[in-house]
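Engineer: Next up, start.txt (compact mmCIF, C-alpha atoms).
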```txt
# COMPACT_ATOMS: atom_id res chain seq x y z
CA MET A 29 -5.98 13.91 -15.10
CA THR A 30 -9.59 14.95 -14.84
CA ASP A 31 -10.19 18.43 -13.47
CA ASN A 32 -11.52 16.88 -10.25
CA LEU A 33 -8.43 14.79 -9.65
CA ILE A 34 -6.14 17.66 -10.66
CA ALA A 35 -7.73 19.88 -8.01
CA ILE A 36 -7.41 17.19 -5.34
CA TYR A 37 -3.82 16.30 -6.22
CA GLN A 38 -2.67 19.92 -6.35
CA ALA A 39 -4.40 20.86 -3.10
CA LEU A 40 -2.92 17.89 -1.27
CA TYR A 41 0.51 18.49 -2.76
CA ALA A 42 0.44 22.11 -1.63
CA GLY A 43 -0.30 20.87 1.87
CA TYR A 44 2.14 17.95 2.09
CA GLY A 45 4.78 18.17 -0.64
CA ASP A 46 6.82 15.14 -1.69
CA LEU A 47 6.28 12.23 0.70
CA ASN A 48 8.62 9.66 -0.89
CA TRP A 49 6.72 6.56 0.21
CA TRP A 50 7.12 3.64 1.15
CA PRO A 51 9.44 4.08 4.18
CA ALA A 52 11.67 1.00 3.79
CA LYS A 53 15.31 0.13 3.14
CA THR A 54 14.65 -2.62 0.58
CA PRO A 55 11.84 -3.83 -1.69
CA TYR A 56 11.57 -6.96 0.46
CA GLU A 57 10.98 -4.83 3.54
CA VAL A 58 8.09 -3.24 1.63
CA MET A 59 6.73 -6.70 0.91
CA VAL A 60 6.92 -7.64 4.58
CA GLY A 61 5.28 -4.37 5.61
CA ALA A 62 2.46 -4.82 3.10
CA VAL A 63 1.62 -8.22 4.59
CA LEU A 64 1.98 -7.17 8.23
CA THR A 65 -0.05 -3.97 7.93
CA GLN A 66 -3.24 -5.92 7.26
CA ASN A 67 -5.73 -5.20 10.07
CA THR A 68 -3.28 -3.33 12.28
CA ALA A 69 -1.74 0.09 12.84
CA TRP A 70 1.55 0.93 11.14
CA SER A 71 3.18 1.52 14.54
CA ASN A 72 2.70 -2.19 15.27
CA VAL A 73 4.26 -3.09 11.92
CA GLU A 74 7.31 -0.98 12.76
CA LYS A 75 7.76 -2.92 16.00
CA ALA A 76 7.51 -6.24 14.17
CA ILE A 77 10.00 -5.14 11.50
CA ALA A 78 12.40 -3.93 14.21
CA ASN A 79 12.29 -7.43 15.72
CA PHE A 80 13.98 -8.79 12.60
CA GLY A 81 17.08 -6.69 13.20
CA GLU A 82 19.57 -7.47 10.44
CA ARG A 83 17.66 -10.64 9.50
CA LEU A 84 15.00 -8.97 7.33
CA THR A 85 15.82 -10.88 4.16
CA PRO A 86 13.77 -13.26 2.02
CA LYS A 87 16.25 -16.08 2.67
CA PHE A 88 15.81 -15.75 6.44
CA ALA A 89 12.01 -15.73 6.13
CA ALA A 90 12.11 -18.72 3.79
CA ASP A 91 14.40 -20.75 6.05
CA ALA A 92 12.91 -19.77 9.42
CA ASP A 93 10.48 -22.05 11.19
CA THR A 94 6.94 -20.67 10.91
CA ALA A 95 6.58 -20.56 14.69
CA LYS A 96 9.81 -18.57 15.00
CA LEU A 97 8.65 -16.17 12.31
CA ALA A 98 5.32 -15.77 14.09
CA GLU A 99 7.08 -14.84 17.31
CA ILE A 100 9.15 -12.19 15.52
CA ILE A 101 6.10 -10.54 13.98
CA ARG A 102 3.91 -10.90 17.09
CA PRO A 103 3.48 -7.08 17.54
CA ALA A 104 1.65 -6.90 14.18
CA GLY A 105 -1.22 -9.07 15.46
CA PHE A 106 -2.70 -12.19 13.83
CA PHE A 107 0.92 -13.34 13.91
CA ASN A 108 0.36 -17.03 13.22
CA GLN A 109 -1.75 -16.25 10.17
CA LYS A 110 0.58 -13.52 8.95
CA ALA A 111 3.62 -15.79 9.35
CA GLU A 112 1.99 -18.17 6.88
CA TYR A 113 1.18 -15.29 4.54
CA LEU A 114 4.74 -14.02 4.74
CA LYS A 115 6.03 -17.49 3.93
CA SER A 116 3.74 -17.63 0.90
CA VAL A 117 4.75 -14.21 -0.43
CA THR A 118 8.41 -15.06 0.08
CA ALA A 119 7.94 -18.32 -1.81
CA TRP A 120 6.43 -16.35 -4.69
CA PHE A 121 9.45 -14.02 -4.65
CA ALA A 122 11.74 -17.07 -4.63
CA GLY A 123 10.28 -17.95 -8.03
CA TYR A 124 12.19 -14.92 -9.31
CA ASP A 125 15.33 -15.80 -7.33
CA TYR A 126 14.63 -12.85 -5.02
CA ASP A 127 15.65 -10.64 -7.94
CA VAL A 128 13.70 -7.37 -8.13
CA SER A 129 14.92 -6.68 -11.67
CA ALA A 130 13.58 -10.07 -12.80
CA VAL A 131 10.15 -9.20 -11.38
CA ARG A 132 10.18 -5.81 -13.10
CA LYS A 133 10.72 -7.45 -16.48
CA GLN A 134 7.36 -9.23 -16.24
CA PRO A 135 4.02 -7.86 -17.51
CA GLN A 136 2.16 -6.11 -14.72
CA ASP A 137 -1.10 -7.98 -15.30
CA LYS A 138 0.74 -11.32 -15.08
CA LEU A 139 2.35 -10.35 -11.78
CA ARG A 140 -0.93 -9.12 -10.31
CA ALA A 141 -2.64 -12.39 -11.21
CA GLU A 142 0.22 -14.34 -9.61
CA LEU A 143 0.09 -12.26 -6.43
CA LEU A 144 -3.67 -12.63 -6.11
CA SER A 145 -3.18 -16.39 -6.16
CA VAL A 146 -0.80 -16.19 -3.18
CA LYS A 147 -2.31 -17.04 0.20
CA GLY A 148 -3.04 -13.87 2.18
CA VAL A 149 -2.72 -11.46 -0.74
CA GLY A 150 -5.85 -9.54 -1.68
CA GLN A 151 -6.26 -6.72 -4.15
CA GLU A 152 -4.96 -3.96 -1.89
CA THR A 153 -1.88 -5.93 -0.86
CA ALA A 154 -1.17 -6.98 -4.46
CA ASP A 155 -1.32 -3.40 -5.69
CA SER A 156 0.79 -2.20 -2.75
CA LEU A 157 3.47 -4.72 -3.67
CA LEU A 158 3.36 -3.80 -7.34
CA LEU A 159 3.54 -0.07 -6.68
CA TYR A 160 5.76 0.29 -3.63
CA ALA A 161 8.06 -2.74 -3.87
CA PHE A 162 8.47 -2.98 -7.64
CA GLY A 163 7.55 0.44 -9.06
CA PHE A 164 4.64 -0.56 -11.28
CA PRO A 165 1.80 1.93 -11.95
CA ALA A 166 -0.85 0.18 -9.85
CA PHE A 167 -3.16 2.50 -7.92
CA VAL A 168 -3.80 1.31 -4.37
CA VAL A 169 -7.35 1.54 -3.03
CA ASP A 170 -7.79 1.37 0.73
CA ALA A 171 -10.23 2.59 3.36
CA TYR A 172 -8.75 6.09 3.13
CA THR A 173 -9.24 6.21 -0.64
CA ARG A 174 -12.87 5.16 -0.19
CA ARG A 175 -13.36 7.83 2.47
CA LEU A 176 -12.03 10.52 0.12
CA CYS A 177 -14.34 9.35 -2.67
CA GLU A 178 -17.37 9.44 -0.38
CA ARG A 179 -16.67 12.79 1.22
CA TYR A 180 -15.28 14.87 -1.62
CA PRO A 181 -17.21 13.36 -3.50
CA ILE A 182 -15.59 11.46 -6.35
CA GLU A 183 -17.99 9.40 -8.44
CA ALA A 184 -15.66 6.44 -8.82
CA GLY A 185 -18.05 3.62 -7.98
CA LYS A 186 -18.15 1.37 -4.94
CA SER A 187 -16.09 -1.74 -5.64
CA TYR A 188 -12.32 -1.98 -5.39
CA ALA A 189 -12.07 -2.62 -9.13
CA ASP A 190 -14.27 0.37 -9.99
CA ILE A 191 -12.34 2.83 -7.82
CA LYS A 192 -8.98 1.51 -9.02
CA ARG A 193 -10.10 1.78 -12.64
CA TYR A 194 -11.37 5.34 -12.14
CA PHE A 195 -8.06 6.59 -10.77
CA GLU A 196 -5.96 4.71 -13.30
CA ASP A 197 -8.13 5.85 -16.23
CA ASN A 198 -8.02 9.48 -15.13
CA LEU A 199 -4.37 9.79 -14.12
CA PRO A 200 -1.21 9.49 -16.22
CA ARG A 201 0.13 5.94 -16.13
CA ASP A 202 2.94 6.92 -13.79
CA ALA A 203 4.03 5.06 -10.65
CA LYS A 204 5.47 8.23 -9.10
CA ILE A 205 2.12 10.00 -9.38
CA TYR A 206 0.23 6.97 -8.00
CA ASN A 207 2.73 6.70 -5.16
CA GLN A 208 2.52 10.37 -4.23
CA PHE A 209 -1.27 10.60 -4.61
CA HIS A 210 -1.98 7.56 -2.45
CA ALA A 211 0.53 8.66 0.17
CA MET A 212 -1.12 12.08 0.40
CA ILE A 213 -4.58 10.53 0.70
CA VAL A 214 -3.38 8.35 3.59
CA ILE A 215 -1.57 11.15 5.43
CA ASN A 216 -4.51 13.50 5.06
CA ALA A 217 -6.94 10.83 6.29
CA LYS A 218 -4.81 10.12 9.35
CA GLU A 219 -4.16 13.76 10.24
CA ARG A 220 -7.37 15.49 9.17
CA CYS A 221 -9.94 13.44 7.27
CA ARG A 222 -10.50 11.06 10.17
CA LYS A 223 -13.67 9.15 10.94
CA LYS A 224 -14.59 12.29 12.90
CA PRO A 225 -13.00 14.82 10.54
CA LEU A 226 -10.87 17.81 11.53
CA CYS A 227 -11.78 19.99 8.59
CA GLY A 228 -10.38 23.32 9.81
CA ASP A 229 -6.99 23.22 8.07
CA CYS A 230 -7.58 20.34 5.65
CA PRO A 231 -6.13 21.13 2.20
CA LEU A 232 -9.42 19.99 0.64
CA ARG A 233 -11.81 21.85 2.95
CA ARG A 234 -13.03 24.36 0.35
CA GLU A 235 -14.15 21.76 -2.17
CA CYS A 236 -14.98 18.79 0.04
CA ARG A 237 -18.66 18.16 0.70
CA LYS A 238 -17.91 17.11 4.27
CA GLY A 239 -15.97 20.31 4.97
```
What do you get writing this file as structure tokens?
Structural biologist:
Amino acid sequence: MTDNLIAIYQALYAGYGDLNWWPAKTPYEVMVGAVLTQNTAWSNVEKAIANFGERLTPKFAADADTAKLAEIIRPAGFFNQKAEYLKSVTAWFAGYDYDVSAVRKQPQDKLRAELLSVKGVGQETADSLLLYAFGFPAFVVDAYTRRLCERYPIEAGKSYADIKRYFEDNLPRDAKIYNQFHAMIVINAKERCRKKPLCGDCPLRRECRKG
């Protein structure tokens, strides 16, 4: 790690400890959550996931009528569109017989390229799936990551690819570290580093330019 990232990671870790993300029972639930969380709050995703009950399986999503699937995920917003996206992601997973171990045997770059070709999957969603569903070292860049880079500041560049490359080049190639770091960035952004920041007890307040 660079000294800058070491300081950030350690300060956040002292404030939040192990977060053990992503909160899900199965890798497929992570996949569903990654699709549904696009352009909505996580609380809405939780409601949509709860609507599945015991039916949250790739086979159910594959076999269900798109309209039925849309009704189930209605709380997540953009439900017709997301039902199509969920169908597409599930179809990709079907190519590996819904076998997580089969996915994990593939080269990461190959999987990322495949996911980016799936309808509804952009860079953030692809990296979320790789990291949180399948345990690959893919750093996830989201609005919270960008906010940290701007405020701290971290000279990582502006584009998704630039920021992703900066973190991956300056951190050990370790999915656990990427998982923990991204989780801490998100939690800190939601609780303290908001659009209108609450800097008083932020773990990064001493070094952050905004603080």
Engineer: From the options A:Val73, A:Trp120, A:Leu64, A:Arg83, which residue's atoms come nearest to A:Asn108, counting all atoms listed in the file?
Structural biologist: A:Leu64
Engineer: So, counting all atoms listed in the file, which residue among A:Pro103, A:Lys204, A:Gly148, A:Arg222 is closest to A:Ser71?
Structural biologist: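 The shortest atom-to-atom distance to A:Ser71 comes from A:Pro103.
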Engineer: Find the spatial neighbours of A:Arg193, counting only C-alpha atoms, within a cut-off of 12 Å - ignore same-chain residues fewer than 2 positions away - and output them as a ChimeraX atom specification.
Structural biologist: /A:165-169,183-191,195-199,201
Engineer: For A:Asn32, which residue among A:Tyr206, A:Ile215, A:Tyr124, A:Cys177 is the nearest when counting all atoms listed in the file?
Structural biologist: A:Cys177
Engineer: How far is it from atom CA of A:Leu176 to atom CA of A:Lys110, in Å with one decimal?
Structural biologist: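 Atom-to-atom, atom CA of A:Leu176 and atom CA of A:Lys110 are spaced 28.5 Å apart.
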Engineer: Between atom CA of A:Ala78 and atom CA of A:Ile205, measure the distance and give it in Å to one decimal.
Structural biologist: 29.3 Å
Engineer: Rounded to one decimal, what separation in Å do you get between atom CA of A:Phe106 and atom CA of A:Asn72?
Structural biologist: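 Separating atom CA of A:Phe106 from atom CA of A:Asn72 is a distance of 11.5 Å.
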Engineer: Between A:Gly228, A:Thr85, A:Ala104, A:Tyr113, which is the closest to A:Gly150 once you count all atoms listed in the file?
Structural biologist: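 The closest residue to A:Gly150 is A:Tyr113.
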Engineer: May I have the residues within 8 Å of A:Leu157 as a ChimeraX atom specification, using all atoms listed in the file and disregarding those fewer than 3 positions away in the same chain?
Structural biologist: /A:58-59,62,153-154,160-162
Engineer: May I ask which of the residues A:Asp91, A:Asp155, A:Glu57, A:Glu235 is the closest one to A:His210, counting all atoms listed in the file?
Structural biologist: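 Of A:Asp91, A:Asp155, A:Glu57, A:Glu235, the one nearest A:His210, counting all atoms listed in the file, is A:Asp155.
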Engineer: For A:Ala95, which residue among A:Trp49, A:Trp70, A:Phe107, A:Phe80 is the nearest when counting all atoms listed in the file?
Structural biologist: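 Nearest candidate to A:Ala95 out of A:Trp49, A:Trp70, A:Phe107, A:Phe80: A:Phe107.
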Engineer: Within 10 Å of A:Tyr37, counting all atoms listed in the file, which residues show up once you throw out same-chain ones fewer than 3 positions away? Write them as a PyMOL selection string, please.
Structural biologist: chain A and resi 29+31-34+40-43+205+208-210+212-213+231-232
Engineer: Mind checking which residues fall within 12 Å of A:Gly81, counting only C-alpha atoms, ignoring those fewer than 5 positions away in the same chain, and posting them as a PyMOL selection string?
Structural biologist: chain A and resi 57+74-76+88+100-101
